[in-house]
Each structure stands twice: as structure tokens, then as C-alpha cells.
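Student: Mind having a look at this structure? Questions to follow.
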Amino acid sequence: MARVLVLAGTTEATELATELEAHGTEVISSFAGVTSTRRSRPGRIRTGGFGGVAGLEQYLTDEGIDALVDATHPFAARMPFNAARAAAAVGVPRCRVLRPPWLPTVGDRWVSVPDLAAAHDAVHSLGARTVFLSTGRQSIGPFASDTDLQLVVRSIEPPEGLPSSAAVVLSRGPFNVDDECQLLQSHAVDVVVTKNSGGDATAAKLVAARQLQLPVVMIERPPQPNGPIVETVDLALSWLTTVICRRA
Ligand code: NAP
């Protein structure tokens, strides 16, 4: 039986583990251990960093991994490069699952920026006062120390180091447009700041911002390593079928 390592942390990783087990493939889902709770899934689970490229090389060899699917979040900046280097070094086929980014549509008022610092600058350039920040609890950056802004921060687990005036909304997607409109209006938000994560689960805030004619400061994605990239779980399964047949 083939053994696949899935680098997890996304809905695609959960779906992939479910599909692989259903198709009789052994799957190990790997988590960084950033959140204390996660969605259940079939197969083995391991938690915590591997110890850099060398640690992952060792793990791939020790566990006899046949293929690696990197389904980490589009904003995971380090793990995809570590995975690419380690898999190449020990000859394990690897592909990256990367859902398409969100694209602006008619009525959107987006400002695209490369990182959190630029997002902070953009918020000030827009003259905004109340910011809905949905960048994740570990990506608050310069917003945390800015007492001129009223922050409304949404995250799965409580963020640390926020000013006492910040409003914290703890919840995990998917979200719907009506609730997002209600949230933005009840806090009198005048700008939305988000990462361009893509996907359906958290896209409702963008529709809500459009309906309320609010600007969105969109942090664009970090670079990805060279190598195969697939956009969906189905395409990842097709890729796996090909590489596992080739190795058999
Ligand atoms: P990162 O910068 O790419 O990773 C930092 C380190 O965490 C890696 O070098 C690795 O440690 C470990 N790591 C990351 N993903 C791992 C995995 N799936 N299994 C085992 N170890 C992992 O990523 P990050 O931004 O800190 O995010 C950490 C995790 O949270 C990722 O798995 C990602 O999918 C998830 N996540 C991130 C975001 C985001 O906005 N960044 C959003 C939602 C979910 P070693 O070098 O020791 O192996």
C-alpha cells in the first residue's frame, strides 16, 4: 500500500486525507501545531515541525513515504520551500496544492499590497479608523501597536499582544454574507484587511465589503517553490495516481 505524507493546515488537506483513505492509500497528515484544535480526519496524524530540511529528509526516509503533497496554507512561507528541497534530496515526488487566489470583481474597492507593513500603510492612506483584521492571530504585525486605529480582529484562537481597545471575534469559517455584513456594520468598520487566501470558506467578507462599499486591503501571496502546483484536491489525486503508479 502506498504511503502519502500530506502537509496539512487547510480544508484541502482534510479532504485529501479523507479521499486517500477511501481509496485505500495510507495517509499521514502533518500539522505545525499552531492551533490546539483541528477538524477530524482519517489516517495517522503527526504534529510539530520536522526540524528544517534535514529533519524532513530524515522523516521521509524513516517513514518510507512514497509521495508528498504540500497542502499547507497559501501564506505558509517556509514549509513549501523546505518540502521542495527535502523531497528533491531524497527522491520523493512532491506537489503543491494551491487554491486560486481571489480576484476583484465589479464594485470591489481593493488595494493590493505585498505584506502586513504595506497593509498598515495602506489603511492610513485610506484615512480609515476602524479596521476589520482577518489576517490570522499570528499576523497582526504593526497593527498591534497602533493606538490610532480601532481594531476588530477575527481569529480561530485568541491573538496575543493586542491593545485593550481591540474587539476580538473568535470563530472558524465558513462564514456567510449576511453575518459578515452584520459584523462589519455592528462594529462600524471602515476598512477590511485580509490575506489573499482564496477559497469559498472565508470569501463572504469580500462580498459583504462590496455590498457595503468598503475598501479591502488585500495582502498578496508569498512566492512558491518551483515544481508541480495543482489547484484542487481532485487534481492532487490525479497527480498522486500518476506518480504512485510510476513508482510501483
Ligand atoms: P511556515 O512559515 O511555512 O512554517 C514555519 C515552520 O512550521 C516550518 O518551517 C515547519 O517547521 C513548521 N510547519 C509548518 N507547516 C507544517 C506542517 N504542516 N507540518 C509540520 N510542520 C510544519 O508556516 P506558518 O505561516 O508558520 O504556518 C504554520 C501552519 O499553519 C502551516 O501548516 C499552515 O498551513 C497553517 N496556516 C498558516 C496560515 C498563514 O496565514 N500563514 C493560515 C492558516 C493556516 P520545521 O522547519 O521545523 O519543519
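By order of appearance in the C-alpha cells: chains A, B, ..., then residues from 1 within every chain, and ligands from 1 in the order shown.
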If you run DSSP over the backbone, which residues in chain A end up helix (DSSP H, G or I)? Put them as a ChimeraX atom specification.

Tutor: /A:11-22,52-62,79-90,116-125,141-143,177-186,204-211,233-247

Student: May I have the residues within 8 Å of ligand 1, computed using only C-alpha atoms and all ligand atoms, as a ChimeraX atom specification?

Tutor: /A:6-10,29-35,46-53,55-56,70-82,135-136,138-139,195,197

Student: From the set A:Leu60, A:Cys245, A:Leu212, A:Ala144, which residue has the shortest atom-to-atom contact distance to Leu116 in chain A, counting only C-alpha atoms?

Tutor: A:Ala144

Student: When DSSP is applied to the backbone of this structure, which of range 87-208 of chain A are assigned strand (DSSP E or B)? Write them out as a list of chain:residue names.

Tutor: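 Residues of range 87-208 of chain A classed as strand (DSSP E or B): A:Arg94, A:Cys95, A:Arg96, A:Val97, A:Trp110, A:Val111, A:Ser112, A:Val113, A:Thr130, A:Val131, A:Phe132, A:Leu133, A:Ser134, A:Gln150, A:Leu151, A:Val152, A:Val153, A:Arg154, A:Ser155, A:Ala167, A:Val168, A:Val169, A:Leu170, A:Val191, A:Val192, A:Val193, A:Thr194, A:Lys195.
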
Student: Which residue gives the smallest distance to Arg154 in chain A among A:Asn196, A:Thr14, A:Thr242, A:Thr202, with only C-alpha atoms counted?

Tutor: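 Looking at the shortest contact to Arg154 in chain A, the residue is A:Thr202.
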
Student: Measuring atom to atom with only C-alpha atoms, identify which of A:Ala248, A:Val230, A:Ile219, A:Val152 is nearest to Arg94 in chain A.

Tutor: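 Closest candidate: A:Val230.
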
Student: Would you mind telling me which residue in A:Ala84, A:Met1, A:Val192, A:Val111 lies nearest to Arg129 in chain A when using only C-alpha atoms?

Tutor: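 Smallest separation from Arg129 in chain A among the options: A:Val192.
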
Student: Would you kindly return, as a list in words, each protein, DNA or RNA residue with an atom no farther than 12 Å from any atom of Gly43 in chain A, considering only C-alpha atoms and excluding same-chain residues fewer than 3 positions away?

Tutor: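 That gives Arg3, Val4, Leu5, Val6, Ala13, Thr14, Glu15, Leu16, Ala17, Thr18, Glu19, Leu20, Glu21, Ala22, His23, Gly24, Thr25, Glu26, Val27, Ile28, Ser29, Ser30, Ser40 and Arg46 of chain A.
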
Student: Selection from above, N, CA, C and O atoms, as an mmCIF file, in the first residue's frame, can you write it?

Tutor:
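Dumped everything to again_25.cif:
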```
data_model
loop_
_atom_site.group_PDB
_atom_site.id
_atom_site.type_symbol
_atom_site.label_atom_id
_atom_site.label_comp_id
_atom_site.auth_asym_id
_atom_site.auth_seq_id
_atom_site.Cartn_x
_atom_site.Cartn_y
_atom_site.Cartn_z
ATOM 1 N N ARG A 3 2.160 5.004 0.689
ATOM 2 C CA ARG A 3 2.075 5.869 1.885
ATOM 3 C C ARG A 3 2.342 7.313 1.486
ATOM 4 O O ARG A 3 3.412 7.621 0.933
ATOM 5 N N VAL A 4 1.377 8.189 1.786
ATOM 6 C CA VAL A 4 1.453 9.586 1.352
ATOM 7 C C VAL A 4 1.523 10.497 2.574
ATOM 8 O O VAL A 4 0.761 10.325 3.532
ATOM 9 N N LEU A 5 2.451 11.434 2.527
ATOM 10 C CA LEU A 5 2.517 12.457 3.579
ATOM 11 C C LEU A 5 1.814 13.716 3.070
ATOM 12 O O LEU A 5 2.174 14.243 2.005
ATOM 13 N N VAL A 6 0.823 14.178 3.831
ATOM 14 C CA VAL A 6 0.117 15.413 3.477
ATOM 15 C C VAL A 6 0.499 16.484 4.494
ATOM 16 O O VAL A 6 0.268 16.304 5.706
ATOM 17 N N ALA A 13 -6.343 19.862 2.643
ATOM 18 C CA ALA A 13 -5.601 18.775 3.297
ATOM 19 C C ALA A 13 -6.572 17.798 3.961
ATOM 20 O O ALA A 13 -6.373 16.571 3.913
ATOM 21 N N THR A 14 -7.614 18.327 4.585
ATOM 22 C CA THR A 14 -8.617 17.467 5.233
ATOM 23 C C THR A 14 -9.318 16.605 4.188
ATOM 24 O O THR A 14 -9.470 15.386 4.367
ATOM 25 N N GLU A 15 -9.729 17.224 3.086
ATOM 26 C CA GLU A 15 -10.433 16.486 2.023
ATOM 27 C C GLU A 15 -9.530 15.426 1.399
ATOM 28 O O GLU A 15 -9.960 14.318 1.113
ATOM 29 N N LEU A 16 -8.273 15.786 1.225
ATOM 30 C CA LEU A 16 -7.324 14.857 0.606
ATOM 31 C C LEU A 16 -7.133 13.619 1.483
ATOM 32 O O LEU A 16 -7.143 12.483 0.977
ATOM 33 N N ALA A 17 -6.963 13.827 2.789
ATOM 34 C CA ALA A 17 -6.787 12.684 3.696
ATOM 35 C C ALA A 17 -8.017 11.778 3.625
ATOM 36 O O ALA A 17 -7.898 10.540 3.588
ATOM 37 N N THR A 18 -9.191 12.376 3.566
ATOM 38 C CA THR A 18 -10.433 11.605 3.519
ATOM 39 C C THR A 18 -10.507 10.793 2.226
ATOM 40 O O THR A 18 -10.811 9.589 2.241
ATOM 41 N N GLU A 19 -10.201 11.442 1.107
ATOM 42 C CA GLU A 19 -10.253 10.767 -0.196
ATOM 43 C C GLU A 19 -9.203 9.650 -0.288
ATOM 44 O O GLU A 19 -9.486 8.570 -0.792
ATOM 45 N N LEU A 20 -8.004 9.917 0.203
ATOM 46 C CA LEU A 20 -6.940 8.919 0.093
ATOM 47 C C LEU A 20 -7.281 7.661 0.881
ATOM 48 O O LEU A 20 -7.108 6.545 0.392
ATOM 49 N N GLU A 21 -7.775 7.859 2.095
ATOM 50 C CA GLU A 21 -8.157 6.690 2.902
ATOM 51 C C GLU A 21 -9.269 5.908 2.216
ATOM 52 O O GLU A 21 -9.262 4.681 2.198
ATOM 53 N N ALA A 22 -10.218 6.646 1.644
ATOM 54 C CA ALA A 22 -11.340 5.985 0.956
ATOM 55 C C ALA A 22 -10.850 5.184 -0.249
ATOM 56 O O ALA A 22 -11.470 4.187 -0.626
ATOM 57 N N HIS A 23 -9.726 5.614 -0.832
ATOM 58 C CA HIS A 23 -9.174 4.901 -1.994
ATOM 59 C C HIS A 23 -8.129 3.861 -1.577
ATOM 60 O O HIS A 23 -7.399 3.340 -2.420
ATOM 61 N N GLY A 24 -8.020 3.598 -0.273
ATOM 62 C CA GLY A 24 -7.110 2.545 0.188
ATOM 63 C C GLY A 24 -5.647 2.947 0.207
ATOM 64 O O GLY A 24 -4.762 2.097 0.153
ATOM 65 N N THR A 25 -5.364 4.243 0.287
ATOM 66 C CA THR A 25 -3.974 4.713 0.377
ATOM 67 C C THR A 25 -3.704 5.123 1.825
ATOM 68 O O THR A 25 -4.541 5.768 2.451
ATOM 69 N N GLU A 26 -2.545 4.753 2.334
ATOM 70 C CA GLU A 26 -2.210 5.134 3.705
ATOM 71 C C GLU A 26 -1.796 6.603 3.721
ATOM 72 O O GLU A 26 -0.968 7.024 2.897
ATOM 73 N N VAL A 27 -2.357 7.376 4.635
ATOM 74 C CA VAL A 27 -2.060 8.810 4.654
ATOM 75 C C VAL A 27 -1.608 9.239 6.052
ATOM 76 O O VAL A 27 -2.166 8.789 7.055
ATOM 77 N N ILE A 28 -0.580 10.068 6.065
ATOM 78 C CA ILE A 28 -0.137 10.702 7.305
ATOM 79 C C ILE A 28 -0.344 12.204 7.125
ATOM 80 O O ILE A 28 0.210 12.793 6.187
ATOM 81 N N SER A 29 -1.148 12.815 7.989
ATOM 82 C CA SER A 29 -1.361 14.263 7.924
ATOM 83 C C SER A 29 -0.451 14.921 8.944
ATOM 84 O O SER A 29 -0.426 14.535 10.111
ATOM 85 N N SER A 30 0.281 15.926 8.481
ATOM 86 C CA SER A 30 1.235 16.602 9.362
ATOM 87 C C SER A 30 0.785 18.031 9.651
ATOM 88 O O SER A 30 0.445 18.780 8.736
ATOM 89 N N SER A 40 -11.451 16.651 12.492
ATOM 90 C CA SER A 40 -11.021 15.254 12.494
ATOM 91 C C SER A 40 -10.886 14.754 11.058
ATOM 92 O O SER A 40 -11.483 15.315 10.132
ATOM 93 N N ARG A 46 0.513 13.486 12.687
ATOM 94 C CA ARG A 46 1.711 13.870 13.448
ATOM 95 C C ARG A 46 1.695 15.390 13.600
ATOM 96 O O ARG A 46 1.129 16.103 12.765
#
```

Student: Between A:Leu235, A:Met218, A:Ala208, A:Ala122, which one has atoms that come closest to Ser134 in chain A, using only C-alpha atoms?

Tutor: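 Selected residue with least distance to Ser134 in chain A: A:Met218.
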
Student: For CA of Val216 in chain A and CA of Ile140 in chain A, determine how far apart the two atoms are, in Å to one decimal place.

Tutor: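 CA of Ile140 in chain A lies 16.0 Å from CA of Val216 in chain A.
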
Student: Just want the 7 Å neighbourhood of Val153 in chain A, counted on only C-alpha atoms, with same-chain residues fewer than 3 positions away dropped. Output as a PDB file with N, CA and C atoms, in the first residue's frame.

Tutor:
```
ATOM      1  N   PHE A 132     -11.230  45.980  10.219  1.00  0.00           N
ATOM      2  CA  PHE A 132     -11.517  44.548  10.413  1.00  0.00           C
ATOM      3  C   PHE A 132     -10.305  43.775   9.910  1.00  0.00           C
ATOM      4  N   LEU A 133      -9.626  43.101  10.845  1.00  0.00           N
ATOM      5  CA  LEU A 133      -8.370  42.420  10.533  1.00  0.00           C
ATOM      6  C   LEU A 133      -8.634  40.911  10.575  1.00  0.00           C
ATOM      7  N   SER A 134      -8.555  40.273   9.414  1.00  0.00           N
ATOM      8  CA  SER A 134      -8.806  38.820   9.387  1.00  0.00           C
ATOM      9  C   SER A 134      -7.584  38.127   8.794  1.00  0.00           C
ATOM     10  N   ALA A 167     -11.416  44.772  19.617  1.00  0.00           N
ATOM     11  CA  ALA A 167     -12.515  43.804  19.748  1.00  0.00           C
ATOM     12  C   ALA A 167     -12.054  42.505  19.099  1.00  0.00           C
ATOM     13  N   VAL A 168     -12.181  41.390  19.835  1.00  0.00           N
ATOM     14  CA  VAL A 168     -11.733  40.099  19.308  1.00  0.00           C
ATOM     15  C   VAL A 168     -12.959  39.228  19.029  1.00  0.00           C
ATOM     16  N   VAL A 169     -13.013  38.696  17.815  1.00  0.00           N
ATOM     17  CA  VAL A 169     -14.124  37.825  17.419  1.00  0.00           C
ATOM     18  C   VAL A 169     -13.519  36.445  17.155  1.00  0.00           C
TER      19      VAL A 169
END
```
